[in-house]
$ cat start-v7.cif   # mmCIF, C-alpha atoms
data_upload
#
loop_
_atom_site.group_PDB
_atom_site.id
_atom_site.type_symbol
_atom_site.label_atom_id
_atom_site.label_comp_id
_atom_site.auth_asym_id
_atom_site.auth_seq_id
_atom_site.Cartn_x
_atom_site.Cartn_y
_atom_site.Cartn_z
ATOM 1 C CA MET A 1 43.983 140.981 119.176
ATOM 2 C CA ARG A 2 47.571 142.224 119.492
ATOM 3 C CA GLU A 3 47.297 144.558 116.497
ATOM 4 C CA GLN A 4 44.100 146.055 117.862
ATOM 5 C CA VAL A 5 45.627 146.605 121.324
ATOM 6 C CA GLU A 6 48.793 148.143 119.817
ATOM 7 C CA LYS A 7 46.670 150.578 117.798
ATOM 8 C CA LEU A 8 44.578 151.546 120.835
ATOM 9 C CA VAL A 9 47.670 152.077 123.003
ATOM 10 C CA GLU A 10 49.324 154.165 120.285
ATOM 11 C CA GLU A 11 46.207 156.354 119.974
ATOM 12 C CA ALA A 12 45.973 156.817 123.752
ATOM 13 C CA ILE A 13 49.661 157.728 124.057
ATOM 14 C CA GLN A 14 49.457 160.214 121.181
ATOM 15 C CA GLU A 15 47.083 162.324 123.275
ATOM 16 C CA ASN A 16 50.061 163.220 125.483
ATOM 17 C CA PRO A 17 53.294 163.642 123.450
ATOM 18 C CA LYS A 18 55.397 163.429 126.620
ATOM 19 C CA LEU A 19 54.456 159.743 127.006
ATOM 20 C CA PHE A 20 55.999 156.759 125.239
ATOM 21 C CA LEU A 21 55.504 153.004 125.256
ATOM 22 C CA ILE A 22 58.047 150.867 127.093
ATOM 23 C CA ASP A 23 56.450 147.444 126.739
ATOM 24 C CA LEU A 24 53.260 145.712 125.660
ATOM 25 C CA LYS A 25 52.650 142.056 126.471
ATOM 26 C CA ILE A 26 49.661 139.832 125.957
ATOM 27 C CA SER A 27 49.870 136.506 127.771
ATOM 28 C CA PRO A 28 48.213 133.291 126.558
ATOM 29 C CA ASP A 29 45.403 133.842 129.101
ATOM 30 C CA ASN A 30 44.785 137.345 127.607
ATOM 31 C CA THR A 31 46.366 139.372 130.371
ATOM 32 C CA ILE A 32 47.343 142.642 128.694
ATOM 33 C CA THR A 33 50.261 144.406 130.363
ATOM 34 C CA ILE A 34 51.109 147.912 129.163
ATOM 35 C CA ILE A 35 54.099 149.792 130.552
ATOM 36 C CA VAL A 36 54.405 153.476 129.658
ATOM 37 C CA ASP A 37 56.862 156.150 130.665
ATOM 38 C CA GLY A 38 57.069 159.871 130.136
ATOM 39 C CA ASP A 39 59.651 162.575 129.721
ATOM 40 C CA GLU A 40 58.497 163.869 133.111
ATOM 41 C CA GLY A 41 57.286 160.567 134.531
ATOM 42 C CA VAL A 42 53.790 159.093 134.389
ATOM 43 C CA SER A 43 50.948 159.953 136.723
ATOM 44 C CA ILE A 44 48.330 157.507 137.953
ATOM 45 C CA LYS A 45 45.795 159.669 136.151
ATOM 46 C CA GLU A 46 47.568 159.034 132.826
ATOM 47 C CA CYS A 47 47.718 155.282 133.482
ATOM 48 C CA MET A 48 43.994 155.316 134.220
ATOM 49 C CA ARG A 49 43.260 157.324 131.060
ATOM 50 C CA ILE A 50 45.194 154.853 128.889
ATOM 51 C CA SER A 51 43.552 151.900 130.628
ATOM 52 C CA ARG A 52 40.060 153.306 130.068
ATOM 53 C CA SER A 53 40.830 154.141 126.451
ATOM 54 C CA VAL A 54 42.021 150.605 125.696
ATOM 55 C CA ASP A 55 39.372 148.865 127.826
ATOM 56 C CA SER A 56 36.433 150.783 126.368
ATOM 57 C CA ASN A 57 37.474 149.919 122.817
ATOM 58 C CA LEU A 58 37.888 146.165 123.301
ATOM 59 C CA ASP A 59 34.902 143.838 123.258
ATOM 60 C CA ARG A 60 34.766 141.599 126.335
ATOM 61 C CA GLU A 61 31.953 139.663 124.679
ATOM 62 C CA THR A 62 34.395 138.485 121.999
ATOM 63 C CA THR A 63 37.465 137.928 124.185
ATOM 64 C CA ASP A 64 37.754 137.937 127.956
ATOM 65 C CA PHE A 65 40.879 139.773 129.139
ATOM 66 C CA SER A 66 42.471 141.545 132.062
ATOM 67 C CA LEU A 67 44.300 144.819 131.635
ATOM 68 C CA GLU A 68 47.199 146.347 133.582
ATOM 69 C CA VAL A 69 48.698 149.755 132.777
ATOM 70 C CA SER A 70 51.693 150.961 134.777
ATOM 71 C CA SER A 71 54.974 152.828 134.668
ATOM 72 C CA PRO A 72 58.342 151.070 134.883
ATOM 73 C CA GLY A 73 59.723 150.382 138.347
ATOM 74 C CA LEU A 74 62.581 152.472 139.709
ATOM 75 C CA SER A 75 65.030 149.609 139.508
ATOM 76 C CA GLU A 76 64.059 148.509 135.999
ATOM 77 C CA PRO A 77 66.678 148.909 133.251
ATOM 78 C CA PHE A 78 66.047 151.566 130.613
ATOM 79 C CA VAL A 79 64.657 150.313 127.321
ATOM 80 C CA ASN A 80 64.117 153.633 125.556
ATOM 81 C CA ASN A 81 66.671 156.427 125.135
ATOM 82 C CA ARG A 82 63.998 158.966 126.148
ATOM 83 C CA GLN A 83 64.228 157.569 129.691
ATOM 84 C CA TYR A 84 67.635 159.216 130.143
ATOM 85 C CA ASN A 85 66.153 162.725 129.812
ATOM 86 C CA LYS A 86 63.854 162.370 132.794
ATOM 87 C CA ASN A 87 66.746 161.059 134.888
ATOM 88 C CA LEU A 88 69.151 163.963 134.367
ATOM 89 C CA GLY A 89 70.961 164.685 137.629
ATOM 90 C CA LYS A 90 70.296 161.223 139.054
ATOM 91 C CA ASN A 91 72.860 158.529 139.760
ATOM 92 C CA LEU A 92 72.933 155.754 137.185
ATOM 93 C CA GLU A 93 74.530 152.361 136.951
ATOM 94 C CA VAL A 94 75.600 151.771 133.345
ATOM 95 C CA GLN A 95 77.039 148.560 131.911
ATOM 96 C CA THR A 96 78.886 148.603 128.585
ATOM 97 C CA GLU A 97 80.471 145.647 126.817
ATOM 98 C CA THR A 98 83.730 146.165 128.700
ATOM 99 C CA ASP A 99 83.094 148.384 131.744
ATOM 100 C CA LYS A 100 80.656 149.262 134.485
ATOM 101 C CA PHE A 101 80.103 152.896 135.476
ATOM 102 C CA GLU A 102 78.264 154.499 138.371
ATOM 103 C CA GLY A 103 77.807 158.217 138.277
ATOM 104 C CA LYS A 104 75.592 161.257 138.020
ATOM 105 C CA LEU A 105 73.891 161.728 134.651
ATOM 106 C CA LEU A 106 75.133 165.147 133.530
ATOM 107 C CA GLU A 107 74.127 165.365 129.901
ATOM 108 C CA VAL A 108 71.927 163.637 127.338
ATOM 109 C CA ASN A 109 71.939 164.169 123.585
ATOM 110 C CA ASP A 110 70.899 162.227 120.477
ATOM 111 C CA GLU A 111 74.080 160.110 120.379
ATOM 112 C CA ALA A 112 75.355 159.707 123.940
ATOM 113 C CA ILE A 113 75.105 160.387 127.651
ATOM 114 C CA THR A 114 77.696 161.925 129.978
ATOM 115 C CA LEU A 115 78.291 160.525 133.466
ATOM 116 C CA GLU A 116 80.335 162.115 136.258
ATOM 117 C CA TRP A 117 81.692 160.495 139.414
ATOM 118 C CA LYS A 118 84.345 161.069 142.077
ATOM 119 C CA VAL A 119 87.184 158.716 142.978
ATOM 120 C CA ARG A 120 90.014 158.798 145.492
ATOM 121 C CA GLU A 121 93.412 158.424 143.834
ATOM 122 C CA PRO A 122 96.965 158.614 145.124
ATOM 123 C CA LYS A 123 98.450 162.121 144.989
ATOM 124 C CA PRO A 124 100.762 162.676 142.021
ATOM 125 C CA ILE A 125 103.442 163.875 144.443
ATOM 126 C CA GLY A 126 103.722 162.856 148.077
ATOM 127 C CA LYS A 127 101.696 160.568 150.255
ATOM 128 C CA GLY A 128 97.943 160.393 150.662
ATOM 129 C CA LYS A 129 95.014 160.539 148.314
ATOM 130 C CA VAL A 130 93.119 163.232 146.507
ATOM 131 C CA THR A 131 89.518 163.280 145.222
ATOM 132 C CA VAL A 132 89.358 163.412 141.441
ATOM 133 C CA VAL A 133 86.234 164.091 139.349
ATOM 134 C CA LYS A 134 85.967 161.860 136.286
ATOM 135 C CA THR A 135 83.560 161.879 133.367
ATOM 136 C CA ALA A 136 82.683 159.441 130.635
ATOM 137 C CA VAL A 137 80.774 159.993 127.414
ATOM 138 C CA LEU A 138 78.935 156.778 126.575
ATOM 139 C CA ARG A 139 77.332 156.269 123.173
ATOM 140 C CA TYR A 140 73.927 154.600 123.251
ATOM 141 C CA GLU A 141 75.066 151.699 121.072
ATOM 142 C CA SER A 142 77.797 150.842 123.602
ATOM 143 C CA ILE A 143 75.355 150.723 126.538
ATOM 144 C CA LYS A 144 74.176 147.210 127.304
ATOM 145 C CA ARG A 145 72.181 148.084 130.427
ATOM 146 C CA ALA A 146 71.416 151.256 132.366
ATOM 147 C CA LYS A 147 69.248 151.931 135.378
ATOM 148 C CA VAL A 148 68.844 154.404 138.212
ATOM 149 C CA LYS A 149 71.151 153.615 141.122
ATOM 150 C CA LEU A 150 69.171 153.883 144.339
ATOM 151 C CA LYS A 151 71.001 155.101 147.444
ATOM 152 C CA PHE A 152 69.710 154.611 150.933
#

$ encode --input "start-v7.cif" --output "structure tokens"
Amino acid sequence: MREQVEKLVEEAIQENPKLFLIDLKISPDNTITIIVDGDEGVSIKECMRISRSVDSNLDRETTDFSLEVSSPGLSEPFVNNRQYNKNLGKNLEVQTETDKFEGKLLEVNDEAITLEWKVREPKPIGKGKVTVVKTAVLRYESIKRAKVKLKF
């Protein structure tokens, strides 16, 4: 069943090249969970289209199943490098092997992302503090976890 579902999901996603698969799970009780994302997000209409495409091509007479198609939650960690593109300009929380960064996503390319943040540091001369803008270029292979940092 998994191979058939994977093929159907792939075909449905190919109809819109801005979409990509984040996760596909099939539980022992045949609950199919499909999570898709897009370079510009995913509409409910697209989730419904994918759901209908998969559902209409599976035989409920052979195997009973339930089907859920959704987009990843706002607080979910990124699992695909394409997710960085749609989050340009947003604040991210990024964990590497050695450090944790929080900053605005300034740039995305094929090898790395660039974050920018502000910190208060002591003045080089005299008393008091000054605001300093810092940046970090983080290669994808060094990123262990990244997600959008929500501010309230």

$ axis_aligned_box --input "start-v7.cif" --around "range 69-87 of chain A" --padding-each-side "4 Å" --output "AutoDock Vina command-line options"
--center_x 58.2 --center_y 155.6 --center_z 132.4 --size_x 26.9 --size_y 22.2 --size_z 22.6

$ residues_around --input "start-v7.cif" --residues "Trp117 in chain A" --least-positions-apart "2" --cutoff "6 Å" --atoms "all atoms listed in the file" --output "PyMOL selection string"
chain A and resi 103+133-134

$ closest_residue --input "start-v7.cif" --among "A:Val69, A:Val119, A:Val54, A:Met1" --to "Leu21 in chain A" --atoms "all atoms listed in the file"
A:Val69

$ closest_residue --input "start-v7.cif" --among "A:Ile125, A:Ile13, A:Val130, A:Leu150" --to "Ser51 in chain A" --atoms "all atoms listed in the file"
A:Ile13

$ resolve_selection --input "start-v7.cif" --expression "the PyMOL selection byres ((chain A and resi 19) around 7)" --output "list in words"
Ile13, Asn16, Pro17, Lys18, Phe20, Val36, Asp37, Gly38 and Asp39 of chain A

$ residues_around --input "start-v7.cif" --residues "Gly41 in chain A" --least-positions-apart "4" --cutoff "12 Å" --atoms "all atoms listed in the file" --output "ChimeraX atom specification"
/A:16,18-20,35-37,45-47,70-74,82-87

$ resolve_selection --input "start-v7.cif" --expression "the PyMOL selection byres ((chain A and resi 61-64) around 9)" --output "compact mmCIF listing (two decimals) with C-alpha atoms, in the frame of the given file"
# COMPACT_ATOMS: atom_id res chain seq x y z
CA MET A 1 43.98 140.98 119.18
CA ASP A 29 45.40 133.84 129.10
CA ASN A 30 44.78 137.34 127.61
CA LEU A 58 37.89 146.16 123.30
CA ASP A 59 34.90 143.84 123.26
CA ARG A 60 34.77 141.60 126.34
CA PHE A 65 40.88 139.77 129.14
CA SER A 66 42.47 141.54 132.06

$ resolve_selection --input "start-v7.cif" --expression "the PyMOL selection byres ((chain A and resi 32) around 9)" --output "number ranges by chain"
A: 5, 24-27, 30-31, 33-34, 65-69

$ write_last_selection --input "start-v7.cif" --atoms "C-alpha atoms" --output "short mmCIF file (atom, residue, chain, number, x, y, z; two decimals), in the coordinates of the input"
data_model
loop_
_atom_site.label_atom_id
_atom_site.label_comp_id
_atom_site.auth_asym_id
_atom_site.auth_seq_id
_atom_site.Cartn_x
_atom_site.Cartn_y
_atom_site.Cartn_z
CA VAL A 5 45.63 146.60 121.32
CA LEU A 24 53.26 145.71 125.66
CA LYS A 25 52.65 142.06 126.47
CA ILE A 26 49.66 139.83 125.96
CA SER A 27 49.87 136.51 127.77
CA ASN A 30 44.78 137.34 127.61
CA THR A 31 46.37 139.37 130.37
CA THR A 33 50.26 144.41 130.36
CA ILE A 34 51.11 147.91 129.16
CA PHE A 65 40.88 139.77 129.14
CA SER A 66 42.47 141.54 132.06
CA LEU A 67 44.30 144.82 131.64
CA GLU A 68 47.20 146.35 133.58
CA VAL A 69 48.70 149.76 132.78
#

$ atom_distance --input "start-v7.cif" --atom1 "CA of Arg145 in chain A" --atom2 "CA of Thr96 in chain A"
7.0 Å

$ atom_distance --input "start-v7.cif" --atom1 "CA of Ser75 in chain A" --atom2 "CA of Asp99 in chain A"
19.7 Å

$ closest_residue --input "start-v7.cif" --among "A:Leu92, A:Leu8, A:Ile22, A:Leu105" --to "Ser53 in chain A" --atoms "all atoms listed in the file"
A:Leu8

$ atom_distance --input "start-v7.cif" --atom1 "CA of Thr135 in chain A" --atom2 "CA of Phe152 in chain A"
23.5 Å

$ residues_around --input "start-v7.cif" --residues "Arg139 in chain A" --least-positions-apart "4" --cutoff "8 Å" --atoms "all atoms listed in the file" --output "list in words"
Glu111, Ala112, Ile113 and Ile143 of chain A

$ residues_around --input "start-v7.cif" --residues "Glu121 in chain A" --least-positions-apart "2" --cutoff "9 Å" --atoms "all atoms listed in the file" --output "ChimeraX atom specification"
/A:119,123-124,128-132

$ write_last_selection --input "start-v7.cif" --atoms "C-alpha atoms" --output "compact mmCIF listing (two decimals), in the frame of the given file"
# COMPACT_ATOMS: atom_id res chain seq x y z
CA VAL A 119 87.18 158.72 142.98
CA LYS A 123 98.45 162.12 144.99
CA PRO A 124 100.76 162.68 142.02
CA GLY A 128 97.94 160.39 150.66
CA LYS A 129 95.01 160.54 148.31
CA VAL A 130 93.12 163.23 146.51
CA THR A 131 89.52 163.28 145.22
CA VAL A 132 89.36 163.41 141.44

$ closest_residue --input "start-v7.cif" --among "A:Val94, A:Val79, A:Ala136, A:Val9" --to "Val148 in chain A" --atoms "only C-alpha atoms"
A:Val94

$ closest_residue --input "start-v7.cif" --among "A:Ser43, A:Asn57, A:Lys127, A:Lys147" --to "Lys104 in chain A" --atoms "only C-alpha atoms"
A:Lys147

$ closest_residue --input "start-v7.cif" --among "A:Pro77, A:Ser56, A:Ile44, A:Glu6" --to "Lys144 in chain A" --atoms "all atoms listed in the file"
A:Pro77
